Amino acid sequence: MADSQWKLARAQKIETAVFERMLDPHDKTNSSPEMQMAAAMTKYGGDALMKIQRYTSALERSYYKAHKELLAGRKAKAAEEKAAEQKAKENERHRASRAKLQNELPPSTEPQVHAPTRPTPDPLLRSPEPAPRPTGDIIDTSSQTLV
């Protein structure tokens with residue numbers, strides 16, 4: 001936006017120089033940069049005022065496009081801030097209502113029961129070894145023969 005404003009101000013100075021050049025084409029006393037540009041624009045043919053008008057129109061479109069984008073960005077940022085503020089208020093209300101409910105509950109008369117914890121096994125004590133499983137063969141132990 002600042003760039004467009006600066007260029008628009010310069011275009012107005014050049015436009016003024018073109019008008020002065022048109023009024024007195026043989027005046028060589030003013031050698032400002034704008035007057036030199038006006039001389040070049042009129043020297044090479046074409047309508048210098050039309051060129052300046054197209055240039056300023058393009059700059060104005062650029063300026064207003066940037067301005068519109070700036071306003072849209074500000075509006076979006078304001079909406080985000082408002083939503084964040086509302087969410088913070090809602091969270092605060094939720095916390096307050098939970099705290100109020102906690103304070104309103106009567107204290108429990110029953111002892112609190114916690115889940116039982118497993119005793120930690122003593123590494124020095126060994127568990128009994130499981131009994132051997134039968135293999136399916138029946139052995140007569142008195143005679144040591146297979147049946």
# chains A, B, ... in the order shown; residues from 1 in each chain; ligands from 1

$ residues_around --residues "Thr16 in chain A" --least-positions-apart "3" --cutoff "10 Å" --atoms "only C-alpha atoms" --output "VMD selection string"
chain A and resid 10 to 13 19 to 22 34 to 35 38 49

$ write_last_selection --atoms "C-alpha atoms" --output "PDB file, in the first residue's frame"
ATOM      1  CA  ARG A  10       4.939  10.612  -8.171  1.00  0.00           C
ATOM      2  CA  ALA A  11       2.491  10.047 -11.054  1.00  0.00           C
ATOM      3  CA  GLN A  12       0.614  13.185 -10.002  1.00  0.00           C
ATOM      4  CA  LYS A  13       3.874  15.163 -10.104  1.00  0.00           C
ATOM      5  CA  PHE A  19       0.653  19.860 -18.297  1.00  0.00           C
ATOM      6  CA  GLU A  20       3.422  22.438 -17.787  1.00  0.00           C
ATOM      7  CA  ARG A  21       5.299  21.001 -20.763  1.00  0.00           C
ATOM      8  CA  MET A  22       2.137  21.206 -22.884  1.00  0.00           C
ATOM      9  CA  GLU A  34       9.397  14.739 -13.276  1.00  0.00           C
ATOM     10  CA  MET A  35       9.914  17.397 -15.990  1.00  0.00           C
ATOM     11  CA  ALA A  38       7.317  14.494 -19.050  1.00  0.00           C
ATOM     12  CA  LEU A  49      -1.770  12.055 -20.459  1.00  0.00           C
TER      13      LEU A  49
END

$ atom_distance --atom1 "CA of Asp47 in chain A" --atom2 "CA of Leu23 in chain A"
14.8 Å
